[in-house]
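**Q** Before I ask anything, let me first share the structure, which is written out below as structure tokens.
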Amino acid sequence: MAAGATYEPIATTTLGSAASSITFSSIPATYTDLRLVLVGTASTAAPDIQVQFNSDTSTNYSRTRMAGTGSTVFNGTTSNASYIAADYTGLSTTIPSLYEFDIFSYAGSTYKTMLTKVAEDRNGSGDVFVQVGLWRSTAAITSIYLFLSAYNFAAGTTATLYGIKAA
């Protein structure tokens, strides 16, 4: 993101009840980059938040990640997946987690990269996580789908999508 960039909120979703997914659609192509911020919990202990773009469920996604829990360090790569998984330990049922997804050149004609940062304070047993995800498509991103497979985001989970314009 360019220095001096301006963040403009595009849409915010706050769940009034548990839901298995959050979708942002009809994303305009008028920004240089996107930032999606999610703060929330799960109804039951849940695995990774999973991300897909433009309803693409084919194996066009990959990621390189590293994480730490204070006692364990983890790194790895995944290729040819049907989504980008975005976490190490998953969502807690009681302590909110902070997720930041930065999506670069989302409207451009090159493959799309996404930097994910996660901070989870679990009263001394939380973790930090960072990864770079790749969507191998040259299509502009017009929708973002966040989901937990067979699990639910808890009521009160909030996600805000920002458009970023260069100053």
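Lettering and numbering for the structure tokens are positional, with chains as A, B, ... in the shown order, residues counted from 1 in each chain, and ligands counted from 1 in the shown order.
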Could you pull out all residues of stretch 65-134 of chain A with a DSSP call of strand (DSSP E or B) and give them as JSON, numbers by chain?

**A** {"A": [65, 66, 67, 68, 73, 74, 75, 76, 77, 78, 79, 80, 81, 84, 85, 97, 98, 99, 100, 101, 102, 103, 104, 112, 113, 114, 115, 116, 117, 118, 119, 120, 127, 128, 129, 130, 131, 132, 133, 134]}

**Q** Produce a file of the selected residues containing C-alpha atoms, as a PDB file, in the first residue's frame.

**A**
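New file selection.pdb:
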ATOM      1  CA  ARG A  65       2.821 -19.157   6.362  1.00  0.00           C
ATOM      2  CA  MET A  66       4.594 -18.924   9.691  1.00  0.00           C
ATOM      3  CA  ALA A  67       3.209 -18.807  13.206  1.00  0.00           C
ATOM      4  CA  GLY A  68       4.256 -18.873  16.819  1.00  0.00           C
ATOM      5  CA  VAL A  73       7.008 -22.235  15.922  1.00  0.00           C
ATOM      6  CA  PHE A  74       5.377 -23.397  12.727  1.00  0.00           C
ATOM      7  CA  ASN A  75       5.859 -22.705   9.041  1.00  0.00           C
ATOM      8  CA  GLY A  76       4.673 -24.317   5.870  1.00  0.00           C
ATOM      9  CA  THR A  77       3.269 -24.039   2.398  1.00  0.00           C
ATOM     10  CA  THR A  78       0.120 -25.266   0.697  1.00  0.00           C
ATOM     11  CA  SER A  79      -0.384 -25.377  -3.058  1.00  0.00           C
ATOM     12  CA  ASN A  80      -3.336 -26.112  -5.319  1.00  0.00           C
ATOM     13  CA  ALA A  81      -5.975 -25.599  -2.646  1.00  0.00           C
ATOM     14  CA  ILE A  84      -6.715 -19.813   1.414  1.00  0.00           C
ATOM     15  CA  ALA A  85      -6.802 -20.938   5.056  1.00  0.00           C
ATOM     16  CA  SER A  97      -9.243 -12.804  17.483  1.00  0.00           C
ATOM     17  CA  LEU A  98      -8.046 -10.023  15.174  1.00  0.00           C
ATOM     18  CA  TYR A  99      -7.569 -10.839  11.476  1.00  0.00           C
ATOM     19  CA  GLU A 100      -6.203  -8.408   8.898  1.00  0.00           C
ATOM     20  CA  PHE A 101      -6.271  -9.322   5.220  1.00  0.00           C
ATOM     21  CA  ASP A 102      -4.441  -6.952   2.832  1.00  0.00           C
ATOM     22  CA  ILE A 103      -5.264  -7.688  -0.804  1.00  0.00           C
ATOM     23  CA  PHE A 104      -2.947  -5.974  -3.250  1.00  0.00           C
ATOM     24  CA  LYS A 112      -3.709 -11.595  -6.658  1.00  0.00           C
ATOM     25  CA  THR A 113      -1.662 -11.664  -3.447  1.00  0.00           C
ATOM     26  CA  MET A 114      -3.017 -11.366   0.070  1.00  0.00           C
ATOM     27  CA  LEU A 115      -1.045 -10.705   3.247  1.00  0.00           C
ATOM     28  CA  THR A 116      -2.793 -12.118   6.321  1.00  0.00           C
ATOM     29  CA  LYS A 117      -1.941 -11.189   9.907  1.00  0.00           C
ATOM     30  CA  VAL A 118      -3.622 -12.771  12.922  1.00  0.00           C
ATOM     31  CA  ALA A 119      -3.284 -11.935  16.622  1.00  0.00           C
ATOM     32  CA  GLU A 120      -4.943 -14.160  19.195  1.00  0.00           C
ATOM     33  CA  ASP A 127      -0.555 -17.079  18.866  1.00  0.00           C
ATOM     34  CA  VAL A 128       0.592 -14.805  16.091  1.00  0.00           C
ATOM     35  CA  PHE A 129       0.354 -15.760  12.458  1.00  0.00           C
ATOM     36  CA  VAL A 130       1.424 -14.225   9.178  1.00  0.00           C
ATOM     37  CA  GLN A 131       1.119 -15.563   5.658  1.00  0.00           C
ATOM     38  CA  VAL A 132       1.161 -14.642   2.012  1.00  0.00           C
ATOM     39  CA  GLY A 133      -1.635 -16.143  -0.046  1.00  0.00           C
ATOM     40  CA  LEU A 134      -1.902 -16.275  -3.815  1.00  0.00           C
TER      41      LEU A 134
END

**Q** What's the 9 Å shell around A:Ala140, counting only C-alpha atoms, without same-chain residues fewer than 6 positions away, as a list in words?

**A**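 The contact residues come out as Ala29, Asn54, Ser105, Tyr106, Ala107, Gly108, Ser109, Thr110 and Lys112 of chain A.
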
**Q** Suppose we keep C-alpha atoms; can you now write the selection as a compact mmCIF listing (two decimals), in the first residue's frame?

**A**
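selection.txt, written as the output of this step:
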# COMPACT_ATOMS: atom_id res chain seq x y z
CA ALA A 29 -12.80 -1.59 -8.94
CA ASN A 54 -15.31 -14.50 -6.87
CA SER A 105 -3.84 -4.78 -6.78
CA TYR A 106 -7.16 -6.58 -6.48
CA ALA A 107 -8.57 -5.02 -9.66
CA GLY A 108 -5.43 -5.50 -11.76
CA SER A 109 -4.82 -8.08 -14.47
CA THR A 110 -2.15 -10.09 -12.60
CA LYS A 112 -3.71 -11.59 -6.66

**Q** By how many Å are atom CA of A:Gly70 and atom CA of A:Val39 apart?

**A**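 So the two atoms, atom CA of A:Gly70 and atom CA of A:Val39, lie 21.6 Å apart.
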
**Q** Which of these, A:Phe153, A:Tyr7, A:Tyr83, A:Phe147, has the shortest distance to A:Leu34 once you count only C-alpha atoms?

**A**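 Among A:Phe153, A:Tyr7, A:Tyr83, A:Phe147, it is A:Tyr7 that comes nearest to A:Leu34.
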
**Q** Separation of atom CA of A:Gly40 and atom CA of A:Ala86, in Å?

**A**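 So the two atoms, atom CA of A:Gly40 and atom CA of A:Ala86, lie 13.7 Å apart.
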
**Q** Distance atom CA of A:Thr6-atom CA of A:Ser137, one decimal place?

**A** 26.2 Å

**Q** Which residues are close to stretch 16-23 of chain A, i.e. within 10 Å by only C-alpha atoms, leaving aside same-chain residues fewer than 5 positions away? Reply as a list in words.

**A**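 So the residues in contact are Thr41, Ala42, Ser43, Ile49, Gln50, Val51, Gln52, Phe53, Ser143, Ile144, Tyr145, Leu146, Phe147, Leu148, Ser149, Ala150, Tyr151, Asn152, Phe153, Ala154, Ala155, Gly156, Thr157, Thr158 and Ala159 of chain A.
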
**Q** Find the residue from A:Asp87, A:Ser26, A:Pro96, A:Pro47 that sits nearest to A:Thr64; use only C-alpha atoms when measuring.

**A**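 Nearest to A:Thr64: A:Asp87.
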
**Q** Taking into account only C-alpha atoms, which residue in the set A:Ser92, A:Thr142, A:Arg136, A:Glu8 is nearest to A:Arg63?

**A** A:Arg136

**Q** Pick the closest to A:Ser71 from A:Lys165, A:Gly126, A:Thr12, A:Ser25: which is it, counting only C-alpha atoms?

**A** A:Gly126

**Q** Which of these, A:Ile95, A:Ile141, A:Ala11, A:Ala166, has the shortest distance to A:Leu36 once you count only C-alpha atoms?

**A**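 Nearest to A:Leu36: A:Ala11.
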
**Q** Hey, which of A:Thr69, A:Asp56, A:Leu15, A:Thr138 ends up closest to A:Ser82? Count only C-alpha atoms.

**A** A:Asp56
